[in-house]
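Asks: The file below is protein-v9.pdb, PDB, C-alpha atoms:
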ATOM      1  CA  MET A   1     115.692  -4.488  44.958
ATOM      2  CA  THR A   2     119.160  -5.934  44.862
ATOM      3  CA  SER A   3     121.797  -4.895  42.371
ATOM      4  CA  GLY A   4     125.435  -5.704  41.964
ATOM      5  CA  ASP A   5     128.359  -3.578  40.869
ATOM      6  CA  GLU A   6     131.030  -4.721  38.460
ATOM      7  CA  SER A   7     132.912  -6.379  41.313
ATOM      8  CA  GLY A   8     129.829  -8.458  42.092
ATOM      9  CA  MET A   9     129.160  -6.755  45.441
ATOM     10  CA  GLU A  10     125.516  -7.285  46.379
ATOM     11  CA  THR A  11     123.797  -4.020  47.160
ATOM     12  CA  PRO A  12     120.360  -4.423  48.728
ATOM     13  CA  GLY A  13     118.133  -1.401  48.288
ATOM     14  CA  ILE A  14     120.667   0.580  46.260
ATOM     15  CA  ASP A  15     121.109   1.012  42.519
ATOM     16  CA  VAL A  16     124.886   0.990  42.228
ATOM     17  CA  LEU A  17     124.748   2.490  38.742
ATOM     18  CA  VAL A  18     123.246   5.644  40.244
ATOM     19  CA  LEU A  19     126.078   5.820  42.802
ATOM     20  CA  GLN A  20     128.653   5.264  40.071
ATOM     21  CA  ALA A  21     127.092   8.086  38.026
ATOM     22  CA  LEU A  22     127.211  10.335  41.097
ATOM     23  CA  GLU A  23     130.874   9.444  41.521
ATOM     24  CA  ALA A  24     131.536  10.246  37.856
ATOM     25  CA  ASP A  25     129.650  13.552  38.113
ATOM     26  CA  THR A  26     131.466  14.635  41.270
ATOM     27  CA  SER A  27     134.518  12.677  42.387
ATOM     28  CA  ARG A  28     135.361   9.537  44.292
ATOM     29  CA  GLU A  29     136.709  11.703  47.108
ATOM     30  CA  LEU A  30     133.477  13.699  47.419
ATOM     31  CA  VAL A  31     131.034  10.762  47.450
ATOM     32  CA  PRO A  32     131.641   9.799  51.116
ATOM     33  CA  GLU A  33     130.851  13.361  52.232
ATOM     34  CA  LEU A  34     127.739  13.497  50.038
ATOM     35  CA  VAL A  35     126.550  10.146  51.384
ATOM     36  CA  ASP A  36     127.087  11.352  54.944
ATOM     37  CA  VAL A  37     124.993  14.475  54.303
ATOM     38  CA  PHE A  38     122.253  12.344  52.718
ATOM     39  CA  VAL A  39     122.195   9.897  55.642
ATOM     40  CA  LYS A  40     121.977  12.656  58.251
ATOM     41  CA  SER A  41     119.253  14.440  56.293
ATOM     42  CA  ALA A  42     117.319  11.198  55.743
ATOM     43  CA  ASP A  43     117.468  10.384  59.460
ATOM     44  CA  THR A  44     116.172  13.861  60.308
ATOM     45  CA  ARG A  45     113.357  13.558  57.758
ATOM     46  CA  ARG A  46     112.450  10.054  59.020
ATOM     47  CA  ASP A  47     112.205  11.379  62.584
ATOM     48  CA  GLN A  48     110.108  14.359  61.473
ATOM     49  CA  ILE A  49     107.782  12.101  59.477
ATOM     50  CA  SER A  50     107.182   9.968  62.575
ATOM     51  CA  ALA A  51     106.572  13.043  64.735
ATOM     52  CA  ASP A  52     104.244  14.589  62.166
ATOM     53  CA  ILE A  53     102.191  11.419  61.799
ATOM     54  CA  ALA A  54     101.973  10.981  65.571
ATOM     55  CA  ALA A  55     100.711  14.580  65.840
ATOM     56  CA  GLY A  56      98.214  14.053  63.020
ATOM     57  CA  ASN A  57     100.110  16.446  60.748
ATOM     58  CA  LEU A  58      99.864  14.369  57.582
ATOM     59  CA  GLU A  59     100.499  17.420  55.415
ATOM     60  CA  GLY A  60     103.869  17.953  57.110
ATOM     61  CA  ALA A  61     104.707  14.259  56.804
ATOM     62  CA  ALA A  62     103.808  14.362  53.095
ATOM     63  CA  GLY A  63     106.246  17.240  52.561
ATOM     64  CA  GLN A  64     109.043  15.398  54.354
ATOM     65  CA  ALA A  65     108.296  12.213  52.397
ATOM     66  CA  HIS A  66     108.403  14.171  49.136
ATOM     67  CA  ALA A  67     111.819  15.626  49.961
ATOM     68  CA  LEU A  68     113.147  12.216  51.007
ATOM     69  CA  LYS A  69     111.790  10.670  47.814
ATOM     70  CA  SER A  70     113.809  13.128  45.750
ATOM     71  CA  SER A  71     117.066  12.898  47.678
ATOM     72  CA  SER A  72     116.988   9.107  47.937
ATOM     73  CA  ALA A  73     116.757   8.799  44.151
ATOM     74  CA  THR A  74     119.968  10.845  43.866
ATOM     75  CA  PHE A  75     121.786   8.194  45.910
ATOM     76  CA  GLY A  76     120.224   5.180  44.240
ATOM     77  CA  ALA A  77     118.180   4.305  47.340
ATOM     78  CA  MET A  78     115.309   3.072  45.224
ATOM     79  CA  GLU A  79     113.416   1.217  47.956
ATOM     80  CA  VAL A  80     113.535   4.323  50.160
ATOM     81  CA  ARG A  81     112.305   6.309  47.163
ATOM     82  CA  ARG A  82     109.425   3.882  46.551
ATOM     83  CA  VAL A  83     108.314   3.825  50.193
ATOM     84  CA  SER A  84     108.626   7.616  50.433
ATOM     85  CA  ALA A  85     106.442   8.030  47.333
ATOM     86  CA  ASP A  86     103.817   5.666  48.753
ATOM     87  CA  LEU A  87     103.988   7.455  52.095
ATOM     88  CA  GLU A  88     103.569  10.844  50.455
ATOM     89  CA  THR A  89     100.471   9.564  48.630
ATOM     90  CA  ALA A  90      98.984   8.041  51.790
ATOM     91  CA  CYS A  91      99.564  11.241  53.742
ATOM     92  CA  LYS A  92      98.068  13.426  51.018
ATOM     93  CA  SER A  93      94.983  11.211  50.928
ATOM     94  CA  GLY A  94      94.612  11.524  54.713
ATOM     95  CA  ASP A  95      95.090   7.801  55.380
ATOM     96  CA  ARG A  96      96.719   7.861  58.811
ATOM     97  CA  THR A  97      96.711   4.071  59.270
ATOM     98  CA  GLU A  98      98.509   3.495  55.959
ATOM     99  CA  SER A  99     100.850   6.404  56.709
ATOM    100  CA  GLU A 100     101.796   4.836  60.048
ATOM    101  CA  ARG A 101     102.428   1.463  58.373
ATOM    102  CA  LEU A 102     104.552   3.043  55.661
ATOM    103  CA  ALA A 103     106.523   5.082  58.206
ATOM    104  CA  VAL A 104     107.590   1.791  59.823
ATOM    105  CA  GLU A 105     108.444   0.355  56.401
ATOM    106  CA  LEU A 106     110.478   3.487  55.692
ATOM    107  CA  VAL A 107     112.603   2.912  58.806
ATOM    108  CA  HIS A 108     113.529  -0.566  57.566
ATOM    109  CA  ALA A 109     114.190   0.567  53.988
ATOM    110  CA  LEU A 110     116.361   3.419  55.218
ATOM    111  CA  ASP A 111     118.325   1.154  57.567
ATOM    112  CA  THR A 112     119.077  -1.219  54.677
ATOM    113  CA  ALA A 113     120.062   1.638  52.384
ATOM    114  CA  LYS A 114     122.335   3.223  55.000
ATOM    115  CA  GLN A 115     124.158  -0.046  55.597
ATOM    116  CA  THR A 116     124.622  -0.577  51.868
ATOM    117  CA  LEU A 117     125.818   2.996  51.368
ATOM    118  CA  LYS A 118     128.294   2.535  54.222
ATOM    119  CA  THR A 119     129.652  -0.586  52.530
ATOM    120  CA  TYR A 120     129.848   1.178  49.173
ATOM    121  CA  VAL A 121     131.794   4.088  50.685
ATOM    122  CA  ALA A 122     134.160   1.652  52.443
ATOM    123  CA  ASN A 123     134.797  -0.104  49.141
ATOM    124  CA  ILE A 124     135.612   3.068  47.208
ATOM    125  CA  THR A 125     137.781   4.569  49.936
ATOM    126  CA  GLY A 126     139.725   1.377  50.476
TER
END
Take the structure from the file and write it as structure tokens.
Replies:
Amino acid sequence: MTSGDESGMETPGIDVLVLQALEADTSRELVPELVDVFVKSADTRRDQISADIAAGNLEGAAGQAHALKSSSATFGAMEVRRVSADLETACKSGDRTESERLAVELVHALDTAKQTLKTYVANITG
């Protein structure tokens, strides 16, 4: 998914309207800190998902995917949200092969979202 903000900035993987709503609900000054917390948390969850799947702990991976699904929606990371939802479903159904495939897809979606969030923060902080 690619969206644009009112300045025309392309934002792959991020719904800029969600970020703008977050900015309106909090403050422009707080958004960079919130994004940083999200990114660190998402990286930790991504790593735990990979470890859980490797260990055959699909229940643990499903829980991490669920939490990431929720937090990514807060930051407009809709592709991360979609992949996390699919991953949660695959883990809950016990499909390790699909869970492994989706865990790789999650890494790529998260990398794209993090880069876009970094650009967004740079644009609002000038």
Asks: List as a compact mmCIF listing (two decimals) with C-alpha atoms, keeping the file's coordinate frame the protein and nucleic acid residues near range 76-81 of chain A, meaning an atom at most 8 Å away when all atoms listed in the file are counted, but skip any in the same chain fewer than 5 places from it.
Replies:
# COMPACT_ATOMS: atom_id res chain seq x y z
CA MET A 1 115.69 -4.49 44.96
CA GLY A 13 118.13 -1.40 48.29
CA ILE A 14 120.67 0.58 46.26
CA ASP A 15 121.11 1.01 42.52
CA VAL A 16 124.89 0.99 42.23
CA LEU A 17 124.75 2.49 38.74
CA VAL A 18 123.25 5.64 40.24
CA LEU A 19 126.08 5.82 42.80
CA LEU A 68 113.15 12.22 51.01
CA LYS A 69 111.79 10.67 47.81
CA SER A 70 113.81 13.13 45.75
CA LEU A 106 110.48 3.49 55.69
CA ALA A 109 114.19 0.57 53.99
CA LEU A 110 116.36 3.42 55.22
CA ALA A 113 120.06 1.64 52.38
Asks: Do you have the CA of Gln64 in chain A-CA of Ser84 in chain A distance handy?
Replies: 8.7 Å
Asks: I'd like the residues picked by the PyMOL selection byres ((chain A and resi 94-105) around 9) written out as a list in words, using the chain letters and numbers from the file.
Replies: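 Listing what the PyMOL selection byres ((chain A and resi 94-105) around 9) selects in the shown file: Arg46, Ile49, Ser50, Ile53, Ala54, Gly56, Leu58, Glu59, Ala61, Val80, Val83, Ser84, Asp86, Leu87, Glu88, Thr89, Ala90, Cys91, Lys92, Ser93, Leu106, Val107, His108, Ala109 and Leu110 of chain A.
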Asks: Keeping C-alpha atoms, export the residues of the selection given above as a CSV table (one decimal), in the frame of the given file.
Replies:
chain,number,residue,atom,x,y,z
A,46,ARG,CA,112.4,10.1,59.0
A,49,ILE,CA,107.8,12.1,59.5
A,50,SER,CA,107.2,10.0,62.6
A,53,ILE,CA,102.2,11.4,61.8
A,54,ALA,CA,102.0,11.0,65.6
A,56,GLY,CA,98.2,14.1,63.0
A,58,LEU,CA,99.9,14.4,57.6
A,59,GLU,CA,100.5,17.4,55.4
A,61,ALA,CA,104.7,14.3,56.8
A,80,VAL,CA,113.5,4.3,50.2
A,83,VAL,CA,108.3,3.8,50.2
A,84,SER,CA,108.6,7.6,50.4
A,86,ASP,CA,103.8,5.7,48.8
A,87,LEU,CA,104.0,7.5,52.1
A,88,GLU,CA,103.6,10.8,50.5
A,89,THR,CA,100.5,9.6,48.6
A,90,ALA,CA,99.0,8.0,51.8
A,91,CYS,CA,99.6,11.2,53.7
A,92,LYS,CA,98.1,13.4,51.0
A,93,SER,CA,95.0,11.2,50.9
A,106,LEU,CA,110.5,3.5,55.7
A,107,VAL,CA,112.6,2.9,58.8
A,108,HIS,CA,113.5,-0.6,57.6
A,109,ALA,CA,114.2,0.6,54.0
A,110,LEU,CA,116.4,3.4,55.2
Asks: Select, from A:Thr119, A:Ile124, A:Lys114, A:Ala73, the residue with the minimum atom-to-atom distance to Asp36 in chain A, counting all atoms listed in the file.
Replies: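 Smallest distance to Asp36 in chain A is found for A:Lys114.
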Asks: Return the single residue from A:Thr44, A:Gly60, A:Val121, A:Gly126 that is closest to Leu30 in chain A, with distances computed using all atoms listed in the file.
Replies: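 Among A:Thr44, A:Gly60, A:Val121, A:Gly126, it is A:Val121 that comes nearest to Leu30 in chain A.
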Asks: Give me, as a PyMOL selection string, all polymer residues having an atom no more than 9 Å from Ala67 in chain A, counting only C-alpha atoms and skipping those fewer than 5 positions away in the same chain.
Replies: chain A and resi 45+62+72+84
Asks: Quick one: of A:Asn123, A:Thr112, A:Thr74, A:Gln48, who's nearest to Asp25 in chain A, counting only C-alpha atoms?
Replies: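 Residue with the minimum atom-to-atom distance to Asp25 in chain A: A:Thr74.
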Asks: Would you compute the distance between CA of Lys40 in chain A and CA of Ala65 in chain A? Give it in Å to one decimal.
Replies: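 Going from CA of Lys40 in chain A over to CA of Ala65 in chain A covers 14.9 Å.
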Asks: Can you tell me how far CA of Ala24 in chain A sits from CA of Pro12 in chain A, in Å to one decimal?
Replies: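 That distance, rounded to one decimal, is 21.4 Å.
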Asks: Smallest atom-to-atom distance to Glu23 in chain A: which of A:Val37, A:His66, A:Thr116, A:Phe75, using only C-alpha atoms?
Replies: A:Phe75
Asks: Rank nothing, just name the residue among A:Ser71, A:Arg82, A:Lys118, A:Glu29 nearest to Ala42 in chain A, using all atoms listed in the file.
Replies: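 Among A:Ser71, A:Arg82, A:Lys118, A:Glu29, it is A:Ser71 that comes nearest to Ala42 in chain A.
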Asks: Extract range 45-107 of chain A from the coordinates I pasted, and write it as a PDB file, in the first residue's frame (atoms kept: C-alpha atoms).
Replies:
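Output file part36.pdb is given in full below:
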ATOM      1  CA  ARG A  45       8.588  -8.680  18.597  1.00  0.00           C
ATOM      2  CA  ARG A  46       9.934  -9.601  15.128  1.00  0.00           C
ATOM      3  CA  ASP A  47      12.976 -11.248  16.724  1.00  0.00           C
ATOM      4  CA  GLN A  48      10.811 -13.111  19.244  1.00  0.00           C
ATOM      5  CA  ILE A  49       8.471 -14.312  16.492  1.00  0.00           C
ATOM      6  CA  SER A  50      11.437 -15.753  14.588  1.00  0.00           C
ATOM      7  CA  ALA A  51      12.808 -17.421  17.723  1.00  0.00           C
ATOM      8  CA  ASP A  52       9.408 -18.822  18.663  1.00  0.00           C
ATOM      9  CA  ILE A  53       8.801 -20.256  15.203  1.00  0.00           C
ATOM     10  CA  ALA A  54      12.290 -21.767  15.086  1.00  0.00           C
ATOM     11  CA  ALA A  55      11.608 -23.416  18.467  1.00  0.00           C
ATOM     12  CA  GLY A  56       8.204 -24.663  17.318  1.00  0.00           C
ATOM     13  CA  ASN A  57       6.413 -22.344  19.747  1.00  0.00           C
ATOM     14  CA  LEU A  58       3.675 -21.215  17.374  1.00  0.00           C
ATOM     15  CA  GLU A  59       1.458 -20.174  20.274  1.00  0.00           C
ATOM     16  CA  GLY A  60       4.117 -17.714  21.456  1.00  0.00           C
ATOM     17  CA  ALA A  61       4.632 -16.434  17.914  1.00  0.00           C
ATOM     18  CA  ALA A  62       0.864 -15.947  17.541  1.00  0.00           C
ATOM     19  CA  GLY A  63       0.806 -13.801  20.689  1.00  0.00           C
ATOM     20  CA  GLN A  64       3.688 -11.655  19.455  1.00  0.00           C
ATOM     21  CA  ALA A  65       2.056 -11.306  16.028  1.00  0.00           C
ATOM     22  CA  HIS A  66      -1.208 -10.245  17.672  1.00  0.00           C
ATOM     23  CA  ALA A  67       0.530  -7.528  19.689  1.00  0.00           C
ATOM     24  CA  LEU A  68       2.431  -6.309  16.624  1.00  0.00           C
ATOM     25  CA  LYS A  69      -0.787  -6.257  14.607  1.00  0.00           C
ATOM     26  CA  SER A  70      -2.351  -3.906  17.137  1.00  0.00           C
ATOM     27  CA  SER A  71       0.590  -1.554  17.572  1.00  0.00           C
ATOM     28  CA  SER A  72       1.330  -1.315  13.852  1.00  0.00           C
ATOM     29  CA  ALA A  73      -2.224  -0.137  13.167  1.00  0.00           C
ATOM     30  CA  THR A  74      -1.669   2.725  15.632  1.00  0.00           C
ATOM     31  CA  PHE A  75       1.221   3.959  13.480  1.00  0.00           C
ATOM     32  CA  GLY A  76      -0.449   3.430  10.127  1.00  0.00           C
ATOM     33  CA  ALA A  77       1.849   0.516   9.246  1.00  0.00           C
ATOM     34  CA  MET A  78      -0.932  -1.256   7.411  1.00  0.00           C
ATOM     35  CA  GLU A  79       1.213  -3.794   5.554  1.00  0.00           C
ATOM     36  CA  VAL A  80       2.871  -4.805   8.833  1.00  0.00           C
ATOM     37  CA  ARG A  81      -0.611  -5.082  10.330  1.00  0.00           C
ATOM     38  CA  ARG A  82      -1.833  -7.275   7.456  1.00  0.00           C
ATOM     39  CA  VAL A  83       1.176  -9.606   7.570  1.00  0.00           C
ATOM     40  CA  SER A  84       0.981  -9.806  11.370  1.00  0.00           C
ATOM     41  CA  ALA A  85      -2.706 -10.763  11.169  1.00  0.00           C
ATOM     42  CA  ASP A  86      -1.962 -13.455   8.582  1.00  0.00           C
ATOM     43  CA  LEU A  87       0.954 -14.686  10.676  1.00  0.00           C
ATOM     44  CA  GLU A  88      -1.183 -14.847  13.799  1.00  0.00           C
ATOM     45  CA  THR A  89      -3.766 -16.928  11.911  1.00  0.00           C
ATOM     46  CA  ALA A  90      -1.130 -19.279  10.481  1.00  0.00           C
ATOM     47  CA  CYS A  91       0.440 -19.782  13.897  1.00  0.00           C
ATOM     48  CA  LYS A  92      -2.908 -20.425  15.576  1.00  0.00           C
ATOM     49  CA  SER A  93      -3.744 -23.017  12.928  1.00  0.00           C
ATOM     50  CA  GLY A  94      -0.399 -24.753  13.529  1.00  0.00           C
ATOM     51  CA  ASP A  95       0.900 -24.153   9.996  1.00  0.00           C
ATOM     52  CA  ARG A  96       4.638 -23.880  10.612  1.00  0.00           C
ATOM     53  CA  THR A  97       5.587 -23.648   6.921  1.00  0.00           C
ATOM     54  CA  GLU A  98       3.209 -20.731   6.318  1.00  0.00           C
ATOM     55  CA  SER A  99       4.306 -19.140   9.598  1.00  0.00           C
ATOM     56  CA  GLU A 100       7.951 -19.294   8.502  1.00  0.00           C
ATOM     57  CA  ARG A 101       7.079 -17.748   5.120  1.00  0.00           C
ATOM     58  CA  LEU A 102       5.071 -14.973   6.743  1.00  0.00           C
ATOM     59  CA  ALA A 103       7.830 -14.276   9.277  1.00  0.00           C
ATOM     60  CA  VAL A 104      10.155 -13.516   6.344  1.00  0.00           C
ATOM     61  CA  GLU A 105       7.468 -11.343   4.743  1.00  0.00           C
ATOM     62  CA  LEU A 106       7.075  -9.536   8.063  1.00  0.00           C
ATOM     63  CA  VAL A 107      10.777  -8.622   8.099  1.00  0.00           C
TER      64      VAL A 107
END
